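**Q** Next up is a structure, given as structure tokens.
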Amino acid sequence: MSKITIAYPLLLISLLFSGSVIAQNAAAIMARKQVPIICYHQIRDWKPTDSKNAKDYIVQIAAFKEHIKMLADSGYHTILPDQLYNYLTKGTALPSKPIMLTFDDTDEDQFTIANPTLKKYGYKAVYFVMTVSLGRPHYMTKEQVKQLSDEGNIIGSHTWDHHMTSKYKHDPNPKKDDWVVQIDKPTQKLEEITGKKIDYFAYPFGIWNKSGFPELHKRNFKIAFQLAEKRDPNDPLMTIRRILDSGYWTAKTLSNSIRHSF
């Protein structure tokens, strides 16, 4: 019997076993209780020019402070993505009433207003950075992003300029390859700024599709964060849920939403 004849069944068994393990892991992850994860964008007072829809994504300063105080008074403890990953994949214990706070799009008020507010309660957060905005007016600088990282917060990838991953295409020319332009180069830039590996990703607009999962896995992202849609049961780590803290919500509304959404 040839080595090839022997090797082929062994390879097939290995692939089947690997697929079985992945399915078992996905089922175990889906069975674990979801951790509440909140998504923020802008933390500032409303302007007359803000549209009704935009106000959903703009939490006013006093309201933000009230919401964070409510979380602290309610006994919530912030966790970071490594803790979430270990809990989901290995069942590692989390602190009582765990919650994750995330901030998208690199707005400067996340550094000047949100970060000092979180520090007051010993809270840490995750900042998903859109690299095209770095250093622009009203956005964070590289130095501010590095400071957030140095202070123990986590910096994640949020593409170059917020194009949806569901529309990405490969191209022989790296300058036209969406995965290179939107993911590889921005992630590399964030690693250069922070001096740390970037393991976490947030989908622009929270929109994802399954075709992107292999690309994200290839880039060794541990978790990809969406918004409030259902998780993909076959690859839940690539579709971890978050809810928006709406600019229209009171602290009580946020508290109720956390309890009912996760």
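Going through the structure tokens in order, the chains are called A, B, and so on, while each chain numbers its residues from 1 and the ligands are numbered from 1 in the order shown.
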Go through range 48-88 of chain A and collect every residue that DSSP, computed from the backbone, puts in strand (DSSP E); the answer should be as a PyMOL selection string.
**A** chain A and resi 58-59+77-78
**Q** Pick out the residues sitting within 8 Å of range 214-226 of chain A, and hand them over as a ChimeraX atom specification; count only C-alpha atoms, and ignore anything fewer than 5 positions along from it in its own chain.
**A** /A:81,85,198-203,205-208,237-242
**Q** Quick one: write out the picked residues with N, CA, C and O atoms as an mmCIF file, in the first residue's frame?
**A**
data_model
loop_
_atom_site.group_PDB
_atom_site.id
_atom_site.type_symbol
_atom_site.label_atom_id
_atom_site.label_comp_id
_atom_site.auth_asym_id
_atom_site.auth_seq_id
_atom_site.Cartn_x
_atom_site.Cartn_y
_atom_site.Cartn_z
ATOM 1 N N PRO A 81 -11.330 42.628 26.103
ATOM 2 C CA PRO A 81 -11.569 41.525 25.152
ATOM 3 C C PRO A 81 -10.834 40.230 25.461
ATOM 4 O O PRO A 81 -11.379 39.152 25.203
ATOM 5 N N TYR A 85 -12.685 36.722 25.564
ATOM 6 C CA TYR A 85 -12.253 35.605 24.712
ATOM 7 C C TYR A 85 -11.989 34.353 25.558
ATOM 8 O O TYR A 85 -12.425 33.243 25.209
ATOM 9 N N ILE A 198 -2.665 43.859 17.513
ATOM 10 C CA ILE A 198 -4.089 44.200 17.444
ATOM 11 C C ILE A 198 -4.877 42.913 17.177
ATOM 12 O O ILE A 198 -4.773 42.322 16.105
ATOM 13 N N ASP A 199 -5.652 42.494 18.157
ATOM 14 C CA ASP A 199 -6.348 41.205 18.088
ATOM 15 C C ASP A 199 -7.847 41.323 17.865
ATOM 16 O O ASP A 199 -8.516 40.299 17.688
ATOM 17 N N TYR A 200 -8.378 42.551 17.875
ATOM 18 C CA TYR A 200 -9.831 42.703 17.882
ATOM 19 C C TYR A 200 -10.280 43.705 16.820
ATOM 20 O O TYR A 200 -9.594 44.687 16.542
ATOM 21 N N PHE A 201 -11.455 43.432 16.272
ATOM 22 C CA PHE A 201 -11.969 44.193 15.126
ATOM 23 C C PHE A 201 -13.447 44.514 15.341
ATOM 24 O O PHE A 201 -14.196 43.712 15.912
ATOM 25 N N ALA A 202 -13.867 45.682 14.874
ATOM 26 C CA ALA A 202 -15.290 46.041 14.881
ATOM 27 C C ALA A 202 -15.729 46.383 13.465
ATOM 28 O O ALA A 202 -15.068 47.155 12.770
ATOM 29 N N TYR A 203 -16.843 45.783 13.047
ATOM 30 C CA TYR A 203 -17.368 46.011 11.697
ATOM 31 C C TYR A 203 -17.918 47.430 11.552
ATOM 32 O O TYR A 203 -18.706 47.868 12.403
ATOM 33 N N PHE A 205 -20.463 50.104 10.721
ATOM 34 C CA PHE A 205 -21.930 50.039 10.723
ATOM 35 C C PHE A 205 -22.459 48.756 11.377
ATOM 36 O O PHE A 205 -23.655 48.496 11.353
ATOM 37 N N GLY A 206 -21.571 47.933 11.927
ATOM 38 C CA GLY A 206 -21.993 46.668 12.519
ATOM 39 C C GLY A 206 -22.390 45.614 11.511
ATOM 40 O O GLY A 206 -22.912 44.560 11.869
ATOM 41 N N ILE A 207 -22.132 45.879 10.230
ATOM 42 C CA ILE A 207 -22.616 44.994 9.156
ATOM 43 C C ILE A 207 -21.553 43.962 8.792
ATOM 44 O O ILE A 207 -20.404 44.302 8.538
ATOM 45 N N TRP A 208 -21.957 42.692 8.738
ATOM 46 C CA TRP A 208 -21.036 41.602 8.434
ATOM 47 C C TRP A 208 -21.698 40.612 7.486
ATOM 48 O O TRP A 208 -22.916 40.608 7.318
ATOM 49 N N LEU A 237 -17.663 33.906 17.450
ATOM 50 C CA LEU A 237 -16.604 34.853 17.813
ATOM 51 C C LEU A 237 -16.449 35.968 16.784
ATOM 52 O O LEU A 237 -15.928 37.040 17.094
ATOM 53 N N MET A 238 -16.896 35.719 15.566
ATOM 54 C CA MET A 238 -16.821 36.741 14.524
ATOM 55 C C MET A 238 -18.074 37.624 14.473
ATOM 56 O O MET A 238 -18.189 38.507 13.623
ATOM 57 N N THR A 239 -19.009 37.388 15.395
ATOM 58 C CA THR A 239 -20.265 38.159 15.393
ATOM 59 C C THR A 239 -20.700 38.488 16.819
ATOM 60 O O THR A 239 -21.885 38.374 17.159
ATOM 61 N N ILE A 240 -19.777 38.899 17.650
ATOM 62 C CA ILE A 240 -20.119 39.233 19.030
ATOM 63 C C ILE A 240 -20.983 40.486 19.061
ATOM 64 O O ILE A 240 -20.704 41.486 18.403
ATOM 65 N N ARG A 241 -22.048 40.431 19.849
ATOM 66 C CA ARG A 241 -23.072 41.475 19.848
ATOM 67 C C ARG A 241 -22.724 42.640 20.771
ATOM 68 O O ARG A 241 -22.141 42.466 21.832
ATOM 69 N N ARG A 242 -23.159 43.829 20.343
ATOM 70 C CA ARG A 242 -23.114 45.037 21.169
ATOM 71 C C ARG A 242 -24.427 45.787 20.992
ATOM 72 O O ARG A 242 -25.091 45.641 19.968
#
**Q** Compile the contact shell of Ile243 in chain A as a list in words: residues with an atom at most 8 Å away, counting only C-alpha atoms, same-chain residues fewer than 2 positions apart removed.
**A**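 The residues that qualify are Ile37, Ile38, Cys39, Leu227, Ala228, Arg241, Asp245 and Ser261 of chain A.
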**Q** Go ahead and write the residues just picked, all heavy atoms, as a CSV table (one decimal), in the first residue's frame.
**A**
chain,number,residue,atom,x,y,z
A,37,ILE,N,-22.3,44.3,26.2
A,37,ILE,CA,-21.3,45.1,25.6
A,37,ILE,C,-22.0,46.4,25.0
A,37,ILE,O,-22.9,46.3,24.3
A,37,ILE,CB,-20.5,44.4,24.5
A,37,ILE,CG1,-19.9,43.1,25.0
A,37,ILE,CG2,-19.4,45.3,23.9
A,37,ILE,CD1,-19.3,42.2,23.9
A,38,ILE,N,-21.5,47.5,25.4
A,38,ILE,CA,-22.1,48.8,25.0
A,38,ILE,C,-21.2,49.5,24.0
A,38,ILE,O,-20.0,49.5,24.1
A,38,ILE,CB,-22.3,49.7,26.2
A,38,ILE,CG1,-22.9,49.0,27.4
A,38,ILE,CG2,-23.2,50.9,25.8
A,38,ILE,CD1,-24.2,48.4,27.1
A,39,CYS,N,-21.8,50.1,23.0
A,39,CYS,CA,-21.1,50.8,21.9
A,39,CYS,C,-21.4,52.3,22.0
A,39,CYS,O,-22.6,52.6,22.0
A,39,CYS,CB,-21.5,50.2,20.6
A,39,CYS,SG,-20.7,51.1,19.2
A,227,LEU,N,-23.1,44.8,15.9
A,227,LEU,CA,-24.1,45.5,16.8
A,227,LEU,C,-25.1,44.5,17.3
A,227,LEU,O,-24.7,43.4,17.7
A,227,LEU,CB,-24.7,46.7,16.1
A,227,LEU,CG,-23.7,47.9,15.9
A,227,LEU,CD1,-24.3,49.0,15.1
A,227,LEU,CD2,-23.2,48.4,17.2
A,228,ALA,N,-26.4,44.7,17.2
A,228,ALA,CA,-27.3,43.9,17.9
A,228,ALA,C,-27.9,42.8,17.2
A,228,ALA,O,-28.8,42.1,17.7
A,228,ALA,CB,-28.4,44.8,18.5
A,241,ARG,N,-22.0,40.4,19.8
A,241,ARG,CA,-23.1,41.5,19.8
A,241,ARG,C,-22.7,42.6,20.8
A,241,ARG,O,-22.1,42.5,21.8
A,241,ARG,CB,-24.4,40.9,20.3
A,241,ARG,CG,-25.0,39.9,19.3
A,241,ARG,CD,-26.3,39.3,19.9
A,241,ARG,NE,-27.3,40.3,20.0
A,241,ARG,CZ,-27.8,40.8,21.2
A,241,ARG,NH1,-27.3,40.3,22.3
A,241,ARG,NH2,-28.7,41.7,21.2
A,245,ASP,N,-25.7,52.7,23.2
A,245,ASP,CA,-26.2,53.5,24.2
A,245,ASP,C,-26.8,54.8,23.5
A,245,ASP,O,-26.0,55.6,23.1
A,245,ASP,CB,-25.2,53.9,25.3
A,245,ASP,CG,-25.8,54.7,26.4
A,245,ASP,OD1,-27.0,55.0,26.4
A,245,ASP,OD2,-25.1,55.0,27.4
A,261,SER,N,-31.3,42.7,26.7
A,261,SER,CA,-30.6,42.5,25.5
A,261,SER,C,-29.6,41.4,25.5
A,261,SER,O,-29.2,40.9,24.4
A,261,SER,CB,-30.0,43.7,24.9
A,261,SER,OG,-31.0,44.8,24.8
**Q** Using only C-alpha atoms for the distances, tell me which of A:Trp249, A:Lys176, A:Asp56, A:Thr89 is nearest to Pro236 in chain A.
**A**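 So, comparing all the options, the nearest one is A:Thr89.
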**Q** Report, in Å to a single decimal, how far apart CA of His138 in chain A and CA of Gln110 in chain A are.
**A** 10.2 Å
**Q** Write out as number ranges by chain the residues lying within 10 Å of Glu143 in chain A, counting only C-alpha atoms and excluding same-chain residues fewer than 4 positions away.
**A** A: 134-135, 147-149, 193-194
**Q** Just give me the gap between CA of Lys175 in chain A and CA of Gln144 in chain A in Å, one decimal is fine.
**A**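 Result for CA of Lys175 in chain A versus CA of Gln144 in chain A: 28.0 Å, one decimal.
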**Q** Assign secondary structure with DSSP using the backbone only, and return the residues of range 15-217 of chain A in helix (DSSP H, G or I) as a PyMOL selection string.
**A** chain A and resi 15-31+54-57+61-73+81-90+109-120+131-133+142-150+165-167+178-194+204-206+210-217
**Q** Might you pull out every residue within 12 Å of Asn115 in chain A, with only C-alpha atoms counted and same-chain residues fewer than 2 positions away left off, and present them as a ChimeraX atom specification?
**A** /A:43,64-65,68,101-103,107-113,117-127,144-145,147-149,151-153
